[in-house]
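Novice: My file is upload_33.json. It has JSON, C-alpha atoms and all ligand atoms:
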[["chain", "number", "residue", "atom", "x", "y", "z"],
["A", 48, "MET", "CA", 0.00, 0.00, 0.00],
["A", 49, "THR", "CA", 1.35, 3.40, -0.93],
["A", 50, "PRO", "CA", 1.34, 5.71, 2.11],
["A", 51, "TRP", "CA", -1.03, 8.64, 1.75],
["A", 52, "ARG", "CA", -1.88, 11.81, 3.59],
["A", 53, "MET", "CA", -4.95, 13.98, 3.64],
["A", 54, "SER", "CA", -5.96, 17.12, 5.46],
["A", 55, "ARG", "CA", -8.91, 19.47, 5.65],
["A", 56, "SER", "CA", -9.79, 22.65, 7.46],
["A", 57, "PHE", "CA", -13.02, 23.12, 9.40],
["A", 58, "LEU", "CA", -14.78, 26.17, 10.75],
["A", 59, "SER", "CA", -14.65, 26.15, 14.54],
["A", 60, "SER", "CA", -18.27, 25.48, 15.29],
["A", 61, "PRO", "CA", -19.89, 22.48, 16.97],
["A", 62, "PRO", "CA", -21.30, 20.96, 13.75],
["A", 63, "SER", "CA", -17.73, 20.73, 12.49],
["A", 64, "VAL", "CA", -17.00, 18.05, 15.07],
["A", 65, "THR", "CA", -19.46, 15.79, 13.27],
["A", 66, "GLU", "CA", -17.97, 16.81, 9.92],
["A", 67, "ALA", "CA", -14.47, 16.04, 11.15],
["A", 68, "ARG", "CA", -15.62, 12.62, 12.31],
["A", 69, "ARG", "CA", -17.20, 11.95, 8.91],
["A", 70, "PHE", "CA", -14.02, 13.07, 7.18],
["A", 71, "VAL", "CA", -12.04, 10.51, 9.17],
["A", 72, "THR", "CA", -14.64, 7.80, 8.60],
["A", 73, "ALA", "CA", -14.64, 8.42, 4.87],
["A", 74, "PHE", "CA", -10.89, 8.08, 4.48],
["A", 75, "LEU", "CA", -10.31, 5.31, 7.02],
["A", 76, "SER", "CA", -13.30, 3.22, 6.04],
["A", 77, "GLY", "CA", -12.23, -0.42, 6.10],
["A", 78, "TRP", "CA", -9.32, 0.21, 8.46],
["A", 79, "PRO", "CA", -9.48, -1.60, 11.81],
["A", 80, "VAL", "CA", -8.65, 1.66, 13.59],
["A", 81, "VAL", "CA", -11.57, 3.62, 12.13],
["A", 82, "ASP", "CA", -13.71, 3.56, 15.30],
["A", 83, "THR", "CA", -10.78, 4.60, 17.47],
["A", 84, "ALA", "CA", -9.86, 7.34, 15.04],
["A", 85, "GLU", "CA", -13.43, 8.67, 15.10],
["A", 86, "LEU", "CA", -13.45, 8.90, 18.88],
["A", 87, "ILE", "CA", -10.06, 10.58, 18.96],
["A", 88, "VAL", "CA", -10.90, 13.16, 16.31],
["A", 89, "SER", "CA", -14.15, 13.99, 18.13],
["A", 90, "GLU", "CA", -12.31, 14.69, 21.37],
["A", 91, "LEU", "CA", -9.51, 16.67, 19.74],
["A", 92, "ALA", "CA", -11.81, 18.73, 17.53],
["A", 93, "THR", "CA", -14.03, 19.52, 20.52],
["A", 94, "ASN", "CA", -10.97, 20.66, 22.44],
["A", 95, "ALA", "CA", -9.79, 22.87, 19.58],
["A", 96, "ILE", "CA", -13.17, 24.58, 19.47],
["A", 97, "ARG", "CA", -13.54, 24.93, 23.23],
["A", 98, "HIS", "CA", -10.05, 25.57, 24.51],
["A", 99, "SER", "CA", -7.81, 27.04, 21.79],
["A", 100, "ALA", "CA", -7.68, 30.37, 19.98],
["A", 101, "SER", "CA", -9.64, 28.68, 17.20],
["A", 102, "LYS", "CA", -12.73, 29.44, 19.24],
["A", 103, "ARG", "CA", -12.63, 33.07, 18.06],
["A", 104, "PHE", "CA", -15.30, 34.07, 15.58],
["A", 105, "GLY", "CA", -14.25, 32.73, 12.19],
["A", 106, "GLY", "CA", -11.61, 30.47, 13.74],
["A", 107, "ARG", "CA", -10.60, 27.21, 12.11],
["A", 108, "PHE", "CA", -9.07, 23.91, 12.97],
["A", 109, "TYR", "CA", -7.42, 21.34, 10.74],
["A", 110, "VAL", "CA", -7.54, 17.58, 10.67],
["A", 111, "GLY", "CA", -4.69, 15.61, 9.13],
["A", 112, "ILE", "CA", -4.47, 11.89, 8.45],
["A", 113, "GLN", "CA", -1.35, 10.02, 7.39],
["A", 114, "ALA", "CA", -1.80, 6.37, 6.58],
["A", 115, "HIS", "CA", 0.98, 3.80, 6.36],
["A", 116, "HIS", "CA", 0.41, 0.07, 6.01],
["A", 117, "ASP", "CA", 1.05, -0.53, 9.69],
["A", 118, "ARG", "CA", -0.07, 2.71, 11.35],
["A", 119, "VAL", "CA", -2.27, 5.76, 11.08],
["A", 120, "TRP", "CA", -1.26, 9.21, 12.30],
["A", 121, "LEU", "CA", -4.13, 11.55, 13.11],
["A", 122, "GLY", "CA", -3.63, 15.18, 14.08],
["A", 123, "VAL", "CA", -5.86, 18.10, 14.96],
["A", 124, "SER", "CA", -4.24, 21.51, 14.61],
["A", 125, "ASP", "CA", -5.62, 24.64, 16.20],
["A", 126, "GLU", "CA", -4.78, 28.33, 16.26],
["A", 127, "GLY", "CA", -2.90, 28.13, 19.57],
["A", 128, "GLY", "CA", -3.60, 30.55, 22.38],
["A", 129, "SER", "CA", -2.40, 30.96, 25.94],
["A", 130, "GLY", "CA", -3.58, 27.60, 27.26],
["A", 131, "ALA", "CA", -2.08, 24.26, 26.33],
["A", 132, "PRO", "CA", -3.51, 20.75, 26.27],
["A", 133, "ALA", "CA", -2.92, 19.09, 29.61],
["A", 134, "MET", "CA", -4.35, 15.88, 30.90],
["A", 135, "LEU", "CA", -6.34, 16.59, 34.04],
["A", 136, "SER", "CA", -5.77, 14.43, 37.08],
["A", 137, "PRO", "CA", -8.84, 12.50, 38.28],
["A", 138, "ASP", "CA", -9.51, 14.90, 41.17],
["A", 139, "GLU", "CA", -9.39, 17.91, 38.85],
["A", 140, "GLU", "CA", -11.96, 16.32, 36.57],
["A", 141, "GLN", "CA", -15.42, 17.67, 36.93],
["A", 142, "GLU", "CA", -18.08, 17.16, 34.29],
["A", 143, "GLY", "CA", -15.56, 16.66, 31.52],
["A", 144, "GLY", "CA", -11.81, 16.39, 31.72],
["A", 145, "ARG", "CA", -11.57, 12.93, 30.22],
["A", 146, "GLY", "CA", -10.96, 13.73, 26.59],
["A", 147, "LEU", "CA", -7.18, 13.62, 26.58],
["A", 148, "LEU", "CA", -7.19, 10.69, 28.98],
["A", 149, "LEU", "CA", -9.35, 8.82, 26.49],
["A", 150, "VAL", "CA", -7.00, 9.76, 23.64],
["A", 151, "ALA", "CA", -3.99, 8.59, 25.65],
["A", 152, "THR", "CA", -5.74, 5.31, 26.40],
["A", 153, "LEU", "CA", -6.93, 4.61, 22.86],
["A", 154, "ALA", "CA", -3.83, 5.69, 20.96],
["A", 155, "ASP", "CA", -0.57, 3.75, 20.80],
["A", 156, "SER", "CA", 1.21, 7.07, 21.19],
["A", 157, "TYR", "CA", 0.13, 10.65, 21.31],
["A", 158, "GLY", "CA", 1.58, 14.07, 21.87],
["A", 159, "VAL", "CA", 1.36, 17.81, 21.41],
["A", 160, "ARG", "CA", 3.60, 20.06, 19.35],
["A", 161, "GLY", "CA", 3.54, 23.77, 18.66],
["A", 162, "ASP", "CA", 3.08, 26.86, 20.78],
["A", 163, "GLU", "CA", 0.72, 29.79, 21.30],
["A", 164, "ASN", "CA", 0.70, 30.41, 17.55],
["A", 165, "GLY", "CA", -0.77, 27.01, 16.80],
["A", 166, "ARG", "CA", -0.74, 23.53, 18.30],
["A", 167, "THR", "CA", -1.21, 20.06, 16.93],
["A", 168, "VAL", "CA", -2.42, 17.29, 19.15],
["A", 169, "TRP", "CA", -1.62, 14.00, 17.43],
["A", 170, "ALA", "CA", -2.24, 10.33, 17.97],
["A", 171, "VAL", "CA", -0.77, 7.25, 16.32],
["A", 172, "MET", "CA", -2.74, 4.03, 16.03],
["A", 173, "LEU", "CA", -0.91, 0.88, 15.05],
["A", 174, "VAL", "CA", -2.55, -1.43, 12.57],
["A", 175, "ASP", "CA", -2.20, -5.16, 13.13],
["A", 176, "THR", "CA", -0.96, -6.15, 9.69],
["A", 177, "ALA", "CA", -1.38, -9.84, 10.47],
["A", 178, "THR", "CA", -5.16, -9.53, 10.57],
["A", 179, "ALA", "CA", -5.82, -6.38, 8.57],
["A", 180, "SER", "CA", -5.47, -5.38, 4.96],
["A", 181, "PRO", "CA", -5.95, -1.61, 5.03],
["A", 182, "THR", "CA", -7.55, -0.08, 2.01],
["A", 183, "PRO", "CA", -5.64, 2.47, -0.05],
["A", 184, "LEU", "CA", -6.75, 6.07, -0.37],
["A", 185, "PRO", "CA", -10.15, 6.06, -2.10],
["A", 186, "GLY", "CA", -9.84, 7.17, -5.68],
["A", 187, "ALA", "CA", -6.05, 7.13, -5.66],
["A", 188, "GLY", "CA", -5.98, 4.50, -8.35],
["A", 189, "ALA", "CA", -3.69, 2.25, -6.34],
["A", 190, "SER", "CA", -4.36, -1.43, -6.80],
["A", 191, "SER", "CA", -5.18, -3.51, -3.77],
["A", 192, "ALA", "CA", -4.05, -7.08, -4.05],
["B", 201, "LIG", "N1", -6.37, 22.30, 21.86],
["B", 201, "LIG", "C1", -6.23, 22.78, 23.11],
["B", 201, "LIG", "N2", -5.76, 24.04, 23.31],
["B", 201, "LIG", "C2", -5.62, 24.53, 24.56],
["B", 201, "LIG", "N3", -5.90, 23.85, 25.70],
["B", 201, "LIG", "C3", -6.38, 22.59, 25.56],
["B", 201, "LIG", "C4", -6.57, 22.00, 24.27],
["B", 201, "LIG", "N4", -7.03, 20.74, 24.46],
["B", 201, "LIG", "C5", -7.14, 20.58, 25.79],
["B", 201, "LIG", "N5", -6.74, 21.68, 26.45],
["B", 201, "LIG", "C6", -6.67, 21.83, 27.92],
["B", 201, "LIG", "O1", -6.51, 20.54, 28.47],
["B", 201, "LIG", "C7", -7.58, 20.28, 29.37],
["B", 201, "LIG", "C8", -7.96, 18.82, 29.32],
["B", 201, "LIG", "O2", -8.62, 18.49, 28.11],
["B", 201, "LIG", "P1", -9.67, 17.30, 28.12],
["B", 201, "LIG", "O3", -9.02, 16.12, 28.77],
["B", 201, "LIG", "O4", -10.20, 17.13, 26.77],
["B", 201, "LIG", "O5", -10.81, 17.81, 29.11],
["B", 201, "LIG", "P2", -12.00, 18.88, 28.87],
["B", 201, "LIG", "O6", -12.00, 19.26, 27.42],
["B", 201, "LIG", "O7", -13.25, 18.16, 29.25],
["B", 201, "LIG", "O8", -11.69, 20.02, 29.79],
["B", 201, "LIG", "C9", -8.70, 21.23, 28.98],
["B", 201, "LIG", "O9", -9.55, 21.53, 30.07],
["B", 201, "LIG", "C10", -7.93, 22.44, 28.50],
["B", 201, "LIG", "O10", -7.55, 23.24, 29.58],
["B", 202, "MG", "MG", -12.05, 17.81, 25.95]]
Let me see the structure of the file written as structure tokens.

Specialist:
Amino acid sequence: MTPWRMSRSFLSSPPSVTEARRFVTAFLSGWPVVDTAELIVSELATNAIRHSASKRFGGRFYVGIQAHHDRVWLGVSDEGGSGAPAMLSPDEEQEGGRGLLLVATLADSYGVRGDENGRTVWAVMLVDTATASPTPLPGAGASSA
């Protein structure tokens, strides 16, 4: 499978969380990590809208997917701001506070890069190549044996 990458920008409004999830579903359809990727992108997109400078009127966030035969990288980039993503400890958690914990649990690795000018929270999901045959990028013309 030829590695591929895809990205899209979204307006920072709540309906875009659903759109971002559909974007991920569309491109990772048939991959064993699709459900995990959907959950992760929902949490990260929600965080971008709620907590980063993307929440300004007209703000945007970006979703990137990079697919390799044995792993998928998923990133949500925001417009930065003064606060940074930080996993809350259980006693700090109130109604929410579980998003990043969920991401850390579901992903094989995850991290944050960037600064107040823009941050990307990313997650990598490993694909079990013994049981899976990931599909190539739809419409890319690559043959799948
Ligand atoms: N993209 C982001 N930009 C700035 N701060 C963030 C971002 N994502 C998360 N955070 C910070 O990390 C905290 C933990 O995020 P999360 O675990 O998703 O909990 P919640 O969103 O419910 O507060 C948030 O409360 C927020 O302070
Ligand atoms: Mg959250």

Novice: With all atoms listed in the file as the atoms that count, which of A:Thr83, A:Ser129, A:Thr93, A:Thr65 lies nearest to ligand MG 202 (chain B)?

Specialist: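 That would be A:Thr93, the residue with the smallest distance to ligand MG 202 (chain B).
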
Novice: Find the residues near ligand LIG 201 (chain B). Use a cut-off of 7 Å, count all atoms listed in the file, and write them as a compact mmCIF listing (two decimals) with C-alpha atoms, in the coordinates of the input.

Specialist:
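New file selection-v9.txt:
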# COMPACT_ATOMS: atom_id res chain seq x y z
CA GLU A 90 -12.31 14.69 21.37
CA LEU A 91 -9.51 16.67 19.74
CA ASN A 94 -10.97 20.66 22.44
CA ALA A 95 -9.79 22.87 19.58
CA HIS A 98 -10.05 25.57 24.51
CA SER A 99 -7.81 27.04 21.79
CA ASP A 125 -5.62 24.64 16.20
CA GLY A 127 -2.90 28.13 19.57
CA GLY A 128 -3.60 30.55 22.38
CA GLY A 130 -3.58 27.60 27.26
CA ALA A 131 -2.08 24.26 26.33
CA PRO A 132 -3.51 20.75 26.27
CA ALA A 133 -2.92 19.09 29.61
CA MET A 134 -4.35 15.88 30.90
CA LEU A 135 -6.34 16.59 34.04
CA GLY A 143 -15.56 16.66 31.52
CA GLY A 144 -11.81 16.39 31.72
CA ARG A 145 -11.57 12.93 30.22
CA GLY A 146 -10.96 13.73 26.59
CA LEU A 147 -7.18 13.62 26.58
CA LEU A 148 -7.19 10.69 28.98
CA ARG A 166 -0.74 23.53 18.30
CA VAL A 168 -2.42 17.29 19.15

Novice: Between atom CA of Gly106 of chain A and atom CA of Arg160 of chain A, what is the spacing in Å?

Specialist: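 It comes out at 19.3 Å.
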
Novice: So which one's closest to ligand MG 202 (chain B), A:Pro50, A:Val171, A:Gly161, A:Ala92? Using all atoms listed in the file, please.

Specialist: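 That would be A:Ala92, the residue with the smallest distance to ligand MG 202 (chain B).
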
Novice: Check the smallest atom-to-atom distance from each of A:Ser124, A:Ser89, A:Ser56, A:Thr152 to ligand MG 202 (chain B) using all atoms listed in the file, then report the winner.

Specialist: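 Among the listed residues, A:Ser89 lies closest to ligand MG 202 (chain B).
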
Novice: Leaving out Arg107 of chain A and any residue of its chain fewer than 2 positions from it, which residues lie within 10 Å of it when counting only C-alpha atoms, given as an mmCIF file with C-alpha atoms, in the frame of the given file?

Specialist:
data_model
loop_
_atom_site.group_PDB
_atom_site.id
_atom_site.type_symbol
_atom_site.label_atom_id
_atom_site.label_comp_id
_atom_site.auth_asym_id
_atom_site.auth_seq_id
_atom_site.Cartn_x
_atom_site.Cartn_y
_atom_site.Cartn_z
ATOM 1 C CA SER A 56 -9.790 22.650 7.460
ATOM 2 C CA PHE A 57 -13.020 23.120 9.400
ATOM 3 C CA LEU A 58 -14.780 26.170 10.750
ATOM 4 C CA SER A 59 -14.650 26.150 14.540
ATOM 5 C CA SER A 60 -18.270 25.480 15.290
ATOM 6 C CA SER A 63 -17.730 20.730 12.490
ATOM 7 C CA ALA A 95 -9.790 22.870 19.580
ATOM 8 C CA ILE A 96 -13.170 24.580 19.470
ATOM 9 C CA ALA A 100 -7.680 30.370 19.980
ATOM 10 C CA SER A 101 -9.640 28.680 17.200
ATOM 11 C CA LYS A 102 -12.730 29.440 19.240
ATOM 12 C CA ARG A 103 -12.630 33.070 18.060
ATOM 13 C CA PHE A 104 -15.300 34.070 15.580
ATOM 14 C CA GLY A 105 -14.250 32.730 12.190
ATOM 15 C CA TYR A 109 -7.420 21.340 10.740
ATOM 16 C CA SER A 124 -4.240 21.510 14.610
ATOM 17 C CA ASP A 125 -5.620 24.640 16.200
ATOM 18 C CA GLU A 126 -4.780 28.330 16.260
#

Novice: Pick out the closest residue to Pro61 of chain A from this set: A:Arg97, A:Val110, A:Leu153, A:Val174. Count all atoms listed in the file.

Specialist: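 For Pro61 of chain A, the nearest of the candidates is A:Arg97.
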
Novice: Show me, as a ChimeraX atom specification, the residues that have an atom within 8 Å of Val88 of chain A when counting all atoms listed in the file, minus same-chain residues fewer than 4 positions from it.

Specialist: /A:64,67-68,71,84,92,110,121-123

Novice: Closest to ligand MG 202 (chain B) among A:Asp175, A:Gly165, A:Arg118, A:Leu86, using only C-alpha atoms and all ligand atoms?

Specialist: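 Closest candidate: A:Leu86.
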
Novice: When distances are computed from all atoms listed in the file, which of A:Glu85, A:Asp117, A:Arg69, A:Ile112 shows the smallest separation from Ala177 of chain A?

Specialist: A:Asp117

Novice: Between atom CA of Ser156 of chain A and atom CA of Met172 of chain A, what is the spacing in Å?

Specialist: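 Atom CA of Met172 of chain A sits 7.2 Å away from atom CA of Ser156 of chain A.
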
Novice: How many Å separate atom CA of Ala170 of chain A from atom CA of His115 of chain A?

Specialist: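 Separating atom CA of Ala170 of chain A from atom CA of His115 of chain A is a distance of 13.7 Å.
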
Novice: Please, can segment 150-162 of chain A be completed to N, CA, C and O atoms and returned as a PDB file, in the frame of the given file?

Specialist:
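Result file is result.pdb:
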ATOM      1  N   VAL A 150      -7.919   9.791  24.787  1.00  0.00           N
ATOM      2  CA  VAL A 150      -7.000   9.760  23.640  1.00  0.00           C
ATOM      3  C   VAL A 150      -5.742   8.982  24.016  1.00  0.00           C
ATOM      4  O   VAL A 150      -5.276   8.114  23.272  1.00  0.00           O
ATOM      5  N   ALA A 151      -5.213   9.268  25.208  1.00  0.00           N
ATOM      6  CA  ALA A 151      -3.990   8.590  25.650  1.00  0.00           C
ATOM      7  C   ALA A 151      -4.216   7.087  25.799  1.00  0.00           C
ATOM      8  O   ALA A 151      -3.319   6.285  25.555  1.00  0.00           O
ATOM      9  N   THR A 152      -5.424   6.721  26.202  1.00  0.00           N
ATOM     10  CA  THR A 152      -5.740   5.310  26.400  1.00  0.00           C
ATOM     11  C   THR A 152      -5.922   4.591  25.065  1.00  0.00           C
ATOM     12  O   THR A 152      -5.459   3.465  24.882  1.00  0.00           O
ATOM     13  N   LEU A 153      -6.589   5.260  24.137  1.00  0.00           N
ATOM     14  CA  LEU A 153      -6.930   4.610  22.860  1.00  0.00           C
ATOM     15  C   LEU A 153      -5.751   4.569  21.887  1.00  0.00           C
ATOM     16  O   LEU A 153      -5.631   3.631  21.104  1.00  0.00           O
ATOM     17  N   ALA A 154      -4.899   5.590  21.945  1.00  0.00           N
ATOM     18  CA  ALA A 154      -3.830   5.690  20.960  1.00  0.00           C
ATOM     19  C   ALA A 154      -2.617   4.863  21.403  1.00  0.00           C
ATOM     20  O   ALA A 154      -2.420   4.615  22.595  1.00  0.00           O
ATOM     21  N   ASP A 155      -1.812   4.439  20.441  1.00  0.00           N
ATOM     22  CA  ASP A 155      -0.570   3.750  20.800  1.00  0.00           C
ATOM     23  C   ASP A 155       0.487   4.762  21.206  1.00  0.00           C
ATOM     24  O   ASP A 155       1.385   4.444  21.986  1.00  0.00           O
ATOM     25  N   SER A 156       0.415   5.966  20.663  1.00  0.00           N
ATOM     26  CA  SER A 156       1.210   7.070  21.190  1.00  0.00           C
ATOM     27  C   SER A 156       0.484   8.354  20.849  1.00  0.00           C
ATOM     28  O   SER A 156      -0.347   8.385  19.938  1.00  0.00           O
ATOM     29  N   TYR A 157       0.761   9.381  21.611  1.00  0.00           N
ATOM     30  CA  TYR A 157       0.130  10.650  21.310  1.00  0.00           C
ATOM     31  C   TYR A 157       0.999  11.763  21.855  1.00  0.00           C
ATOM     32  O   TYR A 157       1.913  11.533  22.666  1.00  0.00           O
ATOM     33  N   GLY A 158       0.766  12.972  21.404  1.00  0.00           N
ATOM     34  CA  GLY A 158       1.580  14.070  21.870  1.00  0.00           C
ATOM     35  C   GLY A 158       1.036  15.402  21.383  1.00  0.00           C
ATOM     36  O   GLY A 158       0.025  15.464  20.686  1.00  0.00           O
ATOM     37  N   VAL A 159       1.748  16.454  21.775  1.00  0.00           N
ATOM     38  CA  VAL A 159       1.360  17.810  21.410  1.00  0.00           C
ATOM     39  C   VAL A 159       2.607  18.501  20.877  1.00  0.00           C
ATOM     40  O   VAL A 159       3.691  18.341  21.436  1.00  0.00           O
ATOM     41  N   ARG A 160       2.483  19.234  19.786  1.00  0.00           N
ATOM     42  CA  ARG A 160       3.600  20.060  19.350  1.00  0.00           C
ATOM     43  C   ARG A 160       3.070  21.441  19.004  1.00  0.00           C
ATOM     44  O   ARG A 160       1.865  21.618  18.770  1.00  0.00           O
ATOM     45  N   GLY A 161       3.952  22.420  18.981  1.00  0.00           N
ATOM     46  CA  GLY A 161       3.540  23.770  18.660  1.00  0.00           C
ATOM     47  C   GLY A 161       3.578  24.676  19.872  1.00  0.00           C
ATOM     48  O   GLY A 161       4.101  24.303  20.928  1.00  0.00           O
ATOM     49  N   ASP A 162       3.022  25.863  19.714  1.00  0.00           N
ATOM     50  CA  ASP A 162       3.080  26.860  20.780  1.00  0.00           C
ATOM     51  C   ASP A 162       1.836  27.747  20.681  1.00  0.00           C
ATOM     52  O   ASP A 162       0.851  27.369  20.041  1.00  0.00           O
TER      53      ASP A 162
END
